[in-house]
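*Asks:* Pasting work-v3.cif here (mmCIF, C-alpha atoms):
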data_start
#
loop_
_atom_site.label_atom_id
_atom_site.label_comp_id
_atom_site.auth_asym_id
_atom_site.auth_seq_id
_atom_site.Cartn_x
_atom_site.Cartn_y
_atom_site.Cartn_z
CA MET A 1 7.16 6.60 35.87
CA THR A 2 8.27 3.79 33.56
CA THR A 3 5.65 1.71 31.77
CA THR A 4 6.48 -1.91 31.04
CA VAL A 5 4.78 -3.35 27.98
CA ASP A 6 4.48 -7.04 27.24
CA THR A 7 5.63 -7.11 23.62
CA THR A 8 5.26 -10.86 23.14
CA PHE A 9 2.71 -11.52 20.42
CA ALA A 10 0.14 -13.94 21.78
CA GLU A 11 -0.62 -16.48 19.08
CA PRO A 12 -4.31 -17.27 18.67
CA THR A 13 -5.36 -20.62 20.07
CA ALA A 14 -5.53 -23.60 17.72
CA THR A 15 -8.89 -24.84 18.99
CA PRO A 16 -10.52 -27.98 17.54
CA LEU A 17 -13.30 -25.77 16.20
CA ALA A 18 -10.99 -23.36 14.39
CA LEU A 19 -8.11 -25.62 13.47
CA LEU A 20 -8.82 -28.81 11.58
CA LEU A 21 -6.32 -30.47 9.28
CA LEU A 22 -5.81 -27.97 6.44
CA GLY A 23 -8.58 -26.00 8.07
CA ARG A 24 -11.91 -26.99 6.60
CA GLN A 25 -14.18 -26.65 9.62
CA ALA A 26 -16.87 -24.00 9.56
CA ASP A 27 -17.52 -21.83 12.61
CA PRO A 28 -21.22 -22.10 13.53
CA ASN A 29 -21.03 -18.69 15.20
CA SER A 30 -19.87 -16.98 12.02
CA GLU A 31 -21.63 -16.27 8.77
CA ARG A 32 -22.37 -19.16 6.49
CA GLY A 33 -19.38 -19.91 4.31
CA VAL A 34 -16.85 -18.46 6.74
CA GLU A 35 -14.13 -21.00 7.33
CA CYS A 36 -10.80 -20.98 9.08
CA PRO A 37 -7.93 -22.38 7.02
CA GLY A 38 -5.92 -23.44 10.04
CA ASP A 39 -2.28 -22.69 10.66
CA LEU A 40 0.21 -22.08 7.88
CA PRO A 41 3.02 -24.49 7.06
CA PRO A 42 6.48 -23.54 8.30
CA ALA A 43 8.67 -21.17 6.31
CA SER A 44 9.97 -22.61 3.07
CA ASP A 45 13.33 -24.26 2.53
CA PRO A 46 16.17 -21.70 2.78
CA ASP A 47 17.31 -22.80 -0.67
CA LEU A 48 14.17 -21.21 -2.06
CA VAL A 49 15.11 -17.88 -0.51
CA GLU A 50 18.41 -17.91 -2.37
CA ARG A 51 16.71 -18.99 -5.59
CA ALA A 52 14.19 -16.15 -5.28
CA ARG A 53 16.98 -13.62 -4.74
CA ALA A 54 18.95 -14.95 -7.69
CA ALA A 55 15.97 -14.91 -10.05
CA LYS A 56 14.92 -11.42 -9.01
CA THR A 57 18.48 -10.16 -9.48
CA LYS A 58 18.67 -11.65 -12.99
CA LEU A 59 15.37 -10.04 -13.98
CA GLY A 60 16.32 -6.64 -12.57
CA ASP A 61 14.01 -3.79 -13.61
CA ARG A 62 12.14 -6.09 -15.97
CA VAL A 63 10.09 -7.38 -13.03
CA PHE A 64 8.10 -5.51 -10.38
CA ILE A 65 6.77 -7.55 -7.45
CA LEU A 66 3.68 -6.41 -5.57
CA GLY A 67 2.90 -7.78 -2.11
CA HIS A 68 -0.50 -7.40 -0.48
CA HIS A 69 -0.53 -6.72 3.26
CA TYR A 70 -2.09 -10.13 3.93
CA GLN A 71 0.78 -12.09 2.39
CA ARG A 72 3.08 -14.13 4.59
CA ASP A 73 6.46 -12.65 5.54
CA GLU A 74 8.50 -14.95 3.30
CA VAL A 75 6.70 -13.46 0.29
CA ILE A 76 6.65 -9.85 1.52
CA GLU A 77 10.45 -10.06 1.80
CA PHE A 78 10.68 -10.01 -2.01
CA ALA A 79 8.01 -7.40 -2.69
CA ASP A 80 9.14 -4.10 -4.22
CA VAL A 81 6.08 -2.42 -2.72
CA THR A 82 3.41 -3.48 -0.26
CA GLY A 83 -0.10 -2.15 0.16
CA ASP A 84 -3.80 -2.79 -0.31
CA SER A 85 -5.21 -3.95 -3.63
CA PHE A 86 -5.84 -0.55 -5.22
CA LYS A 87 -2.58 1.02 -4.08
CA LEU A 88 -0.69 -1.90 -5.57
CA ALA A 89 -2.53 -1.66 -8.90
CA LYS A 90 -1.69 2.04 -9.08
CA ASP A 91 1.93 1.32 -8.18
CA ALA A 92 2.10 -1.16 -11.05
CA ALA A 93 0.70 1.42 -13.48
CA ALA A 94 3.39 3.84 -12.32
CA ARG A 95 6.16 1.44 -13.40
CA PRO A 96 5.76 1.28 -17.20
CA GLN A 97 9.37 0.13 -17.63
CA ALA A 98 8.60 -3.18 -15.90
CA GLU A 99 7.75 -5.86 -18.46
CA TYR A 100 6.35 -8.19 -15.82
CA ILE A 101 4.15 -7.37 -12.85
CA VAL A 102 4.19 -10.27 -10.38
CA PHE A 103 1.16 -9.76 -8.16
CA CYS A 104 1.37 -11.53 -4.81
CA GLY A 105 -2.28 -11.21 -3.97
CA VAL A 106 -5.49 -12.70 -5.35
CA HIS A 107 -7.12 -12.91 -8.77
CA PHE A 108 -9.27 -9.76 -8.75
CA MET A 109 -6.22 -7.70 -7.73
CA ALA A 110 -4.23 -9.01 -10.68
CA GLU A 111 -7.18 -8.17 -12.96
CA SER A 112 -7.19 -4.59 -11.67
CA ALA A 113 -3.47 -4.34 -12.31
CA ASP A 114 -3.95 -5.57 -15.88
CA ILE A 115 -6.69 -2.97 -16.43
CA LEU A 116 -4.53 -0.11 -15.15
CA THR A 117 -1.20 -1.10 -16.74
CA SER A 118 -0.15 -0.75 -20.36
CA ALA A 119 -0.67 -3.35 -23.07
CA ALA A 120 3.11 -3.88 -23.14
CA GLN A 121 3.12 -5.18 -19.57
CA GLN A 122 2.10 -8.64 -18.45
CA VAL A 123 0.59 -9.37 -15.05
CA VAL A 124 1.50 -12.69 -13.44
CA LEU A 125 -0.34 -14.36 -10.56
CA PRO A 126 1.98 -17.00 -9.06
CA ASP A 127 -0.93 -19.34 -8.23
CA LEU A 128 -4.14 -19.21 -10.25
CA ALA A 129 -5.98 -20.81 -7.33
CA ALA A 130 -5.53 -17.61 -5.31
CA GLY A 131 -9.03 -16.29 -5.58
CA CYS A 132 -11.27 -14.31 -3.23
CA SER A 133 -14.36 -15.80 -1.64
CA MET A 134 -16.01 -12.37 -1.43
CA ALA A 135 -15.41 -11.58 -5.10
CA ASP A 136 -16.76 -15.01 -6.03
CA MET A 137 -20.04 -14.25 -4.23
CA ALA A 138 -21.17 -12.03 -7.12
CA THR A 139 -21.10 -13.37 -10.69
CA ALA A 140 -21.89 -11.41 -13.84
CA GLU A 141 -24.98 -13.54 -14.46
CA GLN A 142 -26.32 -13.01 -10.94
CA VAL A 143 -25.80 -9.27 -11.08
CA ALA A 144 -27.45 -9.01 -14.51
CA GLU A 145 -30.45 -10.88 -13.09
CA CYS A 146 -30.52 -8.51 -10.11
CA TRP A 147 -30.60 -5.53 -12.47
CA ASP A 148 -33.58 -7.10 -14.25
CA VAL A 149 -35.32 -7.37 -10.86
CA LEU A 150 -34.65 -3.68 -10.21
CA ARG A 151 -35.91 -2.81 -13.68
CA GLU A 152 -39.13 -4.75 -13.12
CA ALA A 153 -39.58 -2.93 -9.81
CA GLY A 154 -39.26 0.35 -11.71
CA ILE A 155 -36.17 1.54 -9.83
CA ALA A 156 -33.23 0.67 -12.11
CA ASP A 157 -33.22 4.16 -13.62
CA VAL A 158 -32.73 5.76 -10.19
CA THR A 159 -30.24 3.18 -8.88
CA VAL A 160 -26.47 3.69 -9.12
CA PRO A 161 -24.19 0.66 -8.71
CA VAL A 162 -21.18 1.08 -6.43
CA SER A 163 -18.79 -1.86 -6.38
CA TYR A 164 -16.06 -2.52 -3.88
CA MET A 165 -12.55 -2.87 -5.25
CA ASN A 166 -12.71 -6.47 -4.03
CA SER A 167 -14.74 -7.60 -7.03
CA SER A 168 -14.09 -9.29 -10.34
CA ALA A 169 -13.40 -7.41 -13.56
CA ASP A 170 -16.84 -8.51 -14.79
CA ILE A 171 -18.53 -6.81 -11.83
CA LYS A 172 -16.44 -3.68 -12.29
CA ALA A 173 -17.46 -3.67 -15.96
CA PHE A 174 -21.15 -4.02 -15.03
CA THR A 175 -20.69 -1.04 -12.74
CA GLY A 176 -19.08 0.99 -15.49
CA ARG A 177 -21.80 0.14 -18.03
CA HIS A 178 -24.49 1.37 -15.66
CA GLY A 179 -22.87 4.65 -14.72
CA GLY A 180 -21.51 3.56 -11.36
CA THR A 181 -18.18 3.79 -9.60
CA ILE A 182 -15.72 1.63 -7.69
CA CYS A 183 -14.77 2.29 -4.08
CA THR A 184 -12.17 1.17 -1.58
CA SER A 185 -12.66 0.83 2.15
CA SER A 186 -10.91 4.20 2.47
CA ASN A 187 -13.15 6.20 0.13
CA ALA A 188 -16.48 4.36 0.40
CA LYS A 189 -18.17 7.36 2.02
CA ARG A 190 -17.18 9.72 -0.80
CA ALA A 191 -18.16 7.16 -3.44
CA LEU A 192 -21.62 6.78 -1.89
CA GLU A 193 -22.05 10.54 -1.57
CA TRP A 194 -21.25 10.83 -5.29
CA ALA A 195 -23.69 8.03 -6.12
CA TYR A 196 -26.56 9.71 -4.26
CA GLU A 197 -25.83 12.88 -6.22
CA GLN A 198 -26.50 10.84 -9.38
CA GLY A 199 -29.53 8.83 -8.25
CA GLN A 200 -31.85 7.94 -5.40
CA LYS A 201 -30.63 4.44 -4.55
CA VAL A 202 -27.41 2.46 -4.52
CA LEU A 203 -26.80 -1.18 -5.39
CA PHE A 204 -23.68 -1.98 -3.35
CA LEU A 205 -21.55 -4.95 -4.48
CA PRO A 206 -20.35 -7.41 -3.25
CA ASP A 207 -19.61 -6.77 0.46
CA GLN A 208 -22.76 -6.10 2.44
CA HIS A 209 -20.85 -5.08 5.57
CA LEU A 210 -18.78 -2.29 4.06
CA GLY A 211 -21.91 -0.94 2.41
CA ARG A 212 -24.03 -1.12 5.55
CA ASN A 213 -21.35 0.24 7.86
CA THR A 214 -20.62 3.19 5.58
CA ALA A 215 -24.28 4.04 5.05
CA VAL A 216 -25.22 3.84 8.73
CA ARG A 217 -22.06 5.09 10.43
CA GLU A 218 -20.97 7.76 7.96
CA LEU A 219 -24.06 8.84 6.00
CA GLY A 220 -26.54 8.71 8.88
CA PHE A 221 -28.83 6.10 7.35
CA SER A 222 -30.82 3.71 9.52
CA LEU A 223 -30.55 -0.04 9.26
CA ASP A 224 -34.12 0.02 7.91
CA ASP A 225 -32.88 2.03 4.93
CA CYS A 226 -30.83 -1.01 3.89
CA VAL A 227 -32.13 -4.24 2.38
CA LEU A 228 -30.15 -7.39 1.63
CA TYR A 229 -30.38 -8.86 -1.86
CA ASN A 230 -29.78 -12.62 -1.88
CA PRO A 231 -28.89 -13.81 -5.40
CA HIS A 232 -29.88 -17.37 -4.48
CA LYS A 233 -33.52 -16.45 -3.84
CA PRO A 234 -36.26 -15.40 -6.29
CA ASN A 235 -36.43 -11.61 -6.54
CA GLY A 236 -33.41 -11.52 -4.22
CA GLY A 237 -35.66 -12.58 -1.35
CA LEU A 238 -37.23 -9.11 -1.36
CA THR A 239 -40.64 -7.73 -2.20
CA THR A 240 -41.09 -5.00 -4.76
CA GLU A 241 -42.18 -2.68 -1.95
CA GLN A 242 -39.00 -3.39 0.02
CA LEU A 243 -36.88 -2.58 -3.02
CA ARG A 244 -38.78 0.63 -3.72
CA ASN A 245 -38.52 1.79 -0.11
CA ALA A 246 -34.80 1.02 0.30
CA LYS A 247 -32.05 3.59 -0.09
CA MET A 248 -29.27 1.01 -0.05
CA ILE A 249 -29.59 -2.38 -1.73
CA LEU A 250 -26.81 -4.54 -0.33
CA TRP A 251 -25.50 -7.62 -2.11
CA ARG A 252 -25.30 -10.71 0.09
CA GLY A 253 -21.54 -11.08 0.16
CA HIS A 254 -18.87 -10.90 2.85
CA CYS A 255 -15.19 -11.46 3.61
CA SER A 256 -14.38 -14.92 4.94
CA VAL A 257 -11.78 -13.47 7.34
CA HIS A 258 -13.51 -10.36 8.66
CA GLY A 259 -16.85 -12.15 8.82
CA ARG A 260 -15.66 -14.38 11.66
CA PHE A 261 -15.15 -11.60 14.23
CA THR A 262 -18.00 -11.37 16.74
CA VAL A 263 -19.17 -9.10 19.54
CA GLU A 264 -18.17 -11.93 21.85
CA SER A 265 -14.59 -11.55 20.56
CA VAL A 266 -14.70 -7.87 21.47
CA ALA A 267 -16.12 -8.53 24.95
CA GLU A 268 -13.59 -11.30 25.61
CA VAL A 269 -10.54 -9.23 24.69
CA ARG A 270 -11.75 -6.28 26.77
CA GLU A 271 -12.06 -8.56 29.78
CA ARG A 272 -8.72 -10.25 29.13
CA ILE A 273 -6.72 -7.04 28.49
CA PRO A 274 -7.92 -4.09 30.60
CA GLY A 275 -7.54 -0.80 28.78
CA VAL A 276 -7.28 -2.37 25.33
CA ARG A 277 -8.57 -0.44 22.32
CA VAL A 278 -10.34 -2.47 19.66
CA MET A 279 -9.73 -1.51 16.03
CA VAL A 280 -11.49 -3.34 13.20
CA HIS A 281 -11.85 -3.25 9.43
CA PRO A 282 -15.21 -2.03 8.02
CA GLU A 283 -15.67 -5.44 6.34
CA CYS A 284 -16.59 -6.71 9.81
CA ARG A 285 -20.23 -7.18 10.74
CA HIS A 286 -22.17 -4.09 11.83
CA GLU A 287 -22.51 -5.16 15.46
CA VAL A 288 -18.75 -5.73 15.68
CA VAL A 289 -18.01 -2.34 14.17
CA ALA A 290 -20.46 -0.74 16.61
CA ALA A 291 -18.66 -2.39 19.54
CA ALA A 292 -15.16 -1.33 18.41
CA ASP A 293 -13.27 1.81 19.41
CA GLU A 294 -11.93 2.53 15.94
CA VAL A 295 -12.86 1.41 12.45
CA GLY A 296 -10.83 1.82 9.29
CA SER A 297 -9.21 0.39 6.20
CA THR A 298 -5.98 -1.58 6.24
CA GLU A 299 -3.99 1.59 5.58
CA TYR A 300 -5.90 3.36 8.36
CA ILE A 301 -5.08 0.57 10.82
CA ILE A 302 -1.38 0.71 9.91
CA LYS A 303 -1.19 4.49 10.30
CA ALA A 304 -3.23 4.47 13.53
CA LEU A 305 -0.76 2.07 15.14
CA GLU A 306 2.18 4.14 13.94
CA ALA A 307 0.65 7.19 15.64
CA ALA A 308 -0.42 5.37 18.81
CA GLU A 309 1.20 6.15 22.17
CA PRO A 310 3.92 3.82 23.44
CA GLY A 311 2.48 1.48 26.02
CA SER A 312 -0.97 1.46 24.45
CA LYS A 313 -2.83 -1.82 23.95
CA TRP A 314 -4.60 -2.80 20.74
CA ALA A 315 -6.77 -5.69 19.59
CA ILE A 316 -6.93 -5.70 15.79
CA GLY A 317 -9.76 -7.25 13.79
CA THR A 318 -8.21 -8.00 10.42
CA GLU A 319 -6.09 -10.70 8.73
CA LEU A 320 -3.62 -12.44 11.04
CA ASN A 321 -0.49 -12.11 8.87
CA LEU A 322 -0.87 -8.33 8.98
CA VAL A 323 -1.56 -8.29 12.72
CA ARG A 324 1.56 -10.36 13.36
CA ARG A 325 3.61 -7.99 11.23
CA LEU A 326 2.22 -4.94 13.05
CA ALA A 327 3.02 -6.52 16.41
CA LYS A 328 6.64 -7.00 15.32
CA ALA A 329 6.83 -3.46 13.96
CA HIS A 330 5.59 -1.90 17.22
CA PRO A 331 7.39 -3.60 20.12
CA ASP A 332 6.58 -0.58 22.33
CA LYS A 333 2.86 -1.42 22.12
CA GLU A 334 0.82 -4.49 22.92
CA VAL A 335 -0.85 -5.69 19.70
CA VAL A 336 -3.07 -8.78 19.69
CA PHE A 337 -5.39 -10.50 17.23
CA LEU A 338 -9.05 -9.86 18.05
CA ASP A 339 -10.09 -13.51 17.68
CA ARG A 340 -8.67 -16.17 19.99
CA SER A 341 -8.60 -18.83 17.25
CA VAL A 342 -6.17 -19.16 14.35
CA CYS A 343 -7.45 -17.80 11.06
CA PHE A 344 -5.58 -16.69 7.96
CA CYS A 345 -6.95 -15.71 4.56
CA SER A 346 -6.69 -19.14 2.95
CA THR A 347 -6.80 -17.95 -0.66
CA MET A 348 -4.33 -15.11 -0.14
CA ASN A 349 -1.89 -17.57 1.43
CA ARG A 350 -1.86 -19.76 -1.66
CA ILE A 351 0.83 -17.39 -2.86
CA ASP A 352 3.77 -18.89 -1.04
CA LEU A 353 7.50 -18.84 -1.68
CA PRO A 354 7.55 -22.01 -3.85
CA HIS A 355 4.97 -20.46 -6.21
CA LEU A 356 6.83 -17.14 -6.28
CA VAL A 357 10.15 -18.85 -7.05
CA TRP A 358 8.51 -20.89 -9.81
CA ALA A 359 7.04 -17.73 -11.37
CA LEU A 360 10.32 -15.79 -11.21
CA GLU A 361 12.46 -18.64 -12.53
CA SER A 362 9.98 -19.18 -15.36
CA LEU A 363 10.40 -15.53 -16.34
CA VAL A 364 14.19 -15.92 -16.24
CA GLU A 365 13.87 -18.88 -18.62
CA GLY A 366 11.73 -16.82 -21.02
CA ARG A 367 8.36 -18.36 -20.13
CA VAL A 368 5.57 -16.13 -18.78
CA PRO A 369 3.33 -18.22 -16.51
CA ASN A 370 -0.20 -17.55 -15.27
CA VAL A 371 -0.75 -14.34 -17.22
CA ILE A 372 -3.91 -12.50 -16.11
CA THR A 373 -5.61 -10.83 -19.06
CA VAL A 374 -8.89 -8.90 -19.07
CA ASP A 375 -10.63 -8.83 -22.46
CA PRO A 376 -10.85 -5.38 -24.15
CA GLU A 377 -14.64 -4.95 -23.77
CA THR A 378 -14.58 -5.79 -20.06
CA GLU A 379 -11.50 -3.65 -19.56
CA LYS A 380 -13.15 -0.66 -21.25
CA TYR A 381 -16.13 -0.53 -18.89
CA ALA A 382 -14.22 -1.60 -15.79
CA LYS A 383 -11.73 1.17 -16.41
CA ALA A 384 -14.59 3.65 -16.83
CA ALA A 385 -15.81 2.74 -13.34
CA LEU A 386 -12.28 2.96 -11.93
CA ASP A 387 -11.74 6.32 -13.62
CA ARG A 388 -14.90 7.67 -11.97
CA MET A 389 -13.45 6.68 -8.61
CA LEU A 390 -10.13 8.33 -9.42
CA ALA A 391 -12.00 11.53 -10.32
CA LEU A 392 -13.71 11.69 -6.91
CA PRO A 393 -12.52 14.69 -4.88
#
Could I get this structure in the form of structure tokens?
*Replies:*
Amino acid sequence: MTTTVDTTFAEPTATPLALLLLGRQADPNSERGVECPGDLPPASDPDLVERARAAKTKLGDRVFILGHHYQRDEVIEFADVTGDSFKLAKDAAARPQAEYIVFCGVHFMAESADILTSAAQQVVLPDLAAGCSMADMATAEQVAECWDVLREAGIADVTVPVSYMNSSADIKAFTGRHGGTICTSSNAKRALEWAYEQGQKVLFLPDQHLGRNTAVRELGFSLDDCVLYNPHKPNGGLTTEQLRNAKMILWRGHCSVHGRFTVESVAEVRERIPGVRVMVHPECRHEVVAAADEVGSTEYIIKALEAAEPGSKWAIGTELNLVRRLAKAHPDKEVVFLDRSVCFCSTMNRIDLPHLVWALESLVEGRVPNVITVDPETEKYAKAALDRMLALP
């Protein structure tokens, strides 16, 4: 029996709610601060493609270009390696002969690359405006104040900070100073297991959803074991008793892309595509993760689709550029975006081909633009936290 699969990628709908000019309309059904940036501009002028090729050829082994999975195709085309943030930082560290590391990602990723590479290498971010809304939801001052709150509650000494890779160098350094570790979405369970071997409680920064989903789904905690610390409220919006009773103190932060997926999205796609399997990233809200068939990191999602049976149907809850790329890579499967409305990672997509060409041509001319440098004190403690993660079995 021959199975016919519709391999046409169905573009999400540009609804008035989700698609405003340059995308600045909030979705009232999503978490506060979650916005949709709207559709991307068309691919850049073909002349830029030739200029990028020429500049990269002139630089040769002196430059190493990293492309995060969420980048648009016209940027990924010039990446020497692709991956998630931590894989890319490690790849950069493994290329000591490259004078310049051009990181096509966001600011915290470039910081991590600077921490892990040698002093002789320079990390370049093609657009300094490429930040991360999640990473920006936890500042050094806010986290220091939170630690004071924990100290006043008498629990700081038994609390171990665990910070997601998607955090600033300052937050990684705070984690290192206080004996904590970094985690990725792939190893969050092992990082938390290690943390509970060191202390009784965890302060998880800055993504509440990854922390909650890992604690409840993989460590067997209840939702009542988790409390949400809001840095914009006195005492984090929590009583001393709540802090003392909690096993997991979650920072009130979230991803602006993964935070927009809802249980309604899951129900709608199941009704629209009979037999579809829903796979989401653990940065999604707990109720969305609970409604999905599979949950995993970006690398997990990529590998799961590679191993999936031909003819299978998948709705993927992660960034749209990646979902589009996966749909093209697997024409024997039906791959759709979980949400019906258009939504890209707006900050990640600030790295476009014009910015990449400008960065590469500047390097050819002997100018090093947009160098990302982490100061030695911050680097010392951030690296200590990263080293603890690397030492996890």
*Asks:* Please enumerate the residues selected by the PyMOL selection byres ((chain A and resi 141-145) around 9) when evaluated against the supplied file, formatted as a ChimeraX atom specification.
*Replies:* /A:138-140,146-150,171,174,205,231-232,235
*Asks:* Quick one: which residues end up in the PyMOL selection byres ((chain A and resi 276-284) around 8) for this structure, as a PyMOL selection string?
*Replies:* chain A and resi 185+207+209-210+213-214+254-255+258-261+266+269-270+273-275+285-286+288-289+292-298+301+312-318+338
*Asks:* Restricting the calculation to only C-alpha atoms: of A:Ala120, A:Met165, A:Ala246, A:Val335, which residue gets closest to Pro310 (chain A)?
*Replies:*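 So, comparing all the options, the nearest one is A:Val335.
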*Asks:* Mind telling me what the PyMOL selection byres ((chain A and resi 359-363) around 8) catches here, as an MDAnalysis selection string?
*Replies:* chainID A and resid 52 55:56 59 124 126 355:358 364:369
*Asks:* Go through A:Ala79, A:Leu219, A:Ala195, A:Met348 one by one, measure the shortest atom-to-atom distance of each to Ser133 (chain A) using only C-alpha atoms, and give the residue with the smallest value.
*Replies:* A:Met348
*Asks:* Using CA of Thr373 (chain A) and CA of Ile65 (chain A) as the two end points, give the distance in Å to one decimal.
*Replies:*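 Spanning CA of Thr373 (chain A) to CA of Ile65 (chain A) is a straight-line distance of 17.3 Å.
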*Asks:* Leaving out Ser167 (chain A) and any residue of its chain fewer than 3 positions from it, which residues lie within 9 Å of it when counting all atoms listed in the file, given as JSON, numbers by chain?
*Replies:* {"A": [108, 109, 132, 134, 135, 136, 137, 138, 163, 164, 170, 171, 172, 205, 206, 207]}
*Asks:* Provide the CA of Ile302 (chain A) to CA of Ser186 (chain A) distance in Å, to one decimal place.
*Replies:*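 Taking CA of Ile302 (chain A) as the start and CA of Ser186 (chain A) as the end point, the length is 12.6 Å.
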*Asks:* Between CA of Ala290 (chain A) and CA of Phe337 (chain A), what is the distance in Å, rounded to a tenth?
*Replies:* 18.0 Å
*Asks:* Of the candidates A:Ala92, A:Pro354, A:Thr262, A:Ala308, which shows the shortest atom-to-atom distance to Glu334 (chain A), using all atoms listed in the file?
*Replies:*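 So, comparing all the options, the nearest one is A:Ala308.
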*Asks:* Taking only C-alpha atoms, show region 300-325 of chain A of the given structure as a PDB file, in the first residue's frame.
*Replies:*
ATOM      1  CA  TYR A 300      15.999  16.461  20.272  1.00  0.00           C
ATOM      2  CA  ILE A 301      13.345  17.769  17.883  1.00  0.00           C
ATOM      3  CA  ILE A 302      15.758  17.618  14.936  1.00  0.00           C
ATOM      4  CA  LYS A 303      16.832  14.051  15.720  1.00  0.00           C
ATOM      5  CA  ALA A 304      13.269  12.893  16.414  1.00  0.00           C
ATOM      6  CA  LEU A 305      12.162  14.038  12.967  1.00  0.00           C
ATOM      7  CA  GLU A 306      15.162  12.370  11.348  1.00  0.00           C
ATOM      8  CA  ALA A 307      14.160   9.087  13.002  1.00  0.00           C
ATOM      9  CA  ALA A 308      10.419   9.448  12.332  1.00  0.00           C
ATOM     10  CA  GLU A 309       8.616   7.093   9.948  1.00  0.00           C
ATOM     11  CA  PRO A 310       7.924   8.297   6.404  1.00  0.00           C
ATOM     12  CA  GLY A 311       4.341   9.425   6.121  1.00  0.00           C
ATOM     13  CA  SER A 312       4.134  10.530   9.747  1.00  0.00           C
ATOM     14  CA  LYS A 313       2.596  13.891  10.634  1.00  0.00           C
ATOM     15  CA  TRP A 314       4.135  16.375  13.048  1.00  0.00           C
ATOM     16  CA  ALA A 315       3.136  19.714  14.552  1.00  0.00           C
ATOM     17  CA  ILE A 316       6.210  21.404  16.012  1.00  0.00           C
ATOM     18  CA  GLY A 317       6.104  23.992  18.783  1.00  0.00           C
ATOM     19  CA  THR A 318       9.310  25.952  18.353  1.00  0.00           C
ATOM     20  CA  GLU A 319      10.687  28.852  16.275  1.00  0.00           C
ATOM     21  CA  LEU A 320       9.240  29.101  12.766  1.00  0.00           C
ATOM     22  CA  ASN A 321      12.517  29.387  10.820  1.00  0.00           C
ATOM     23  CA  LEU A 322      13.584  26.020  12.211  1.00  0.00           C
ATOM     24  CA  VAL A 323      10.196  24.427  11.542  1.00  0.00           C
ATOM     25  CA  ARG A 324      10.292  25.626   7.930  1.00  0.00           C
ATOM     26  CA  ARG A 325      13.789  24.204   7.528  1.00  0.00           C
TER      27      ARG A 325
END
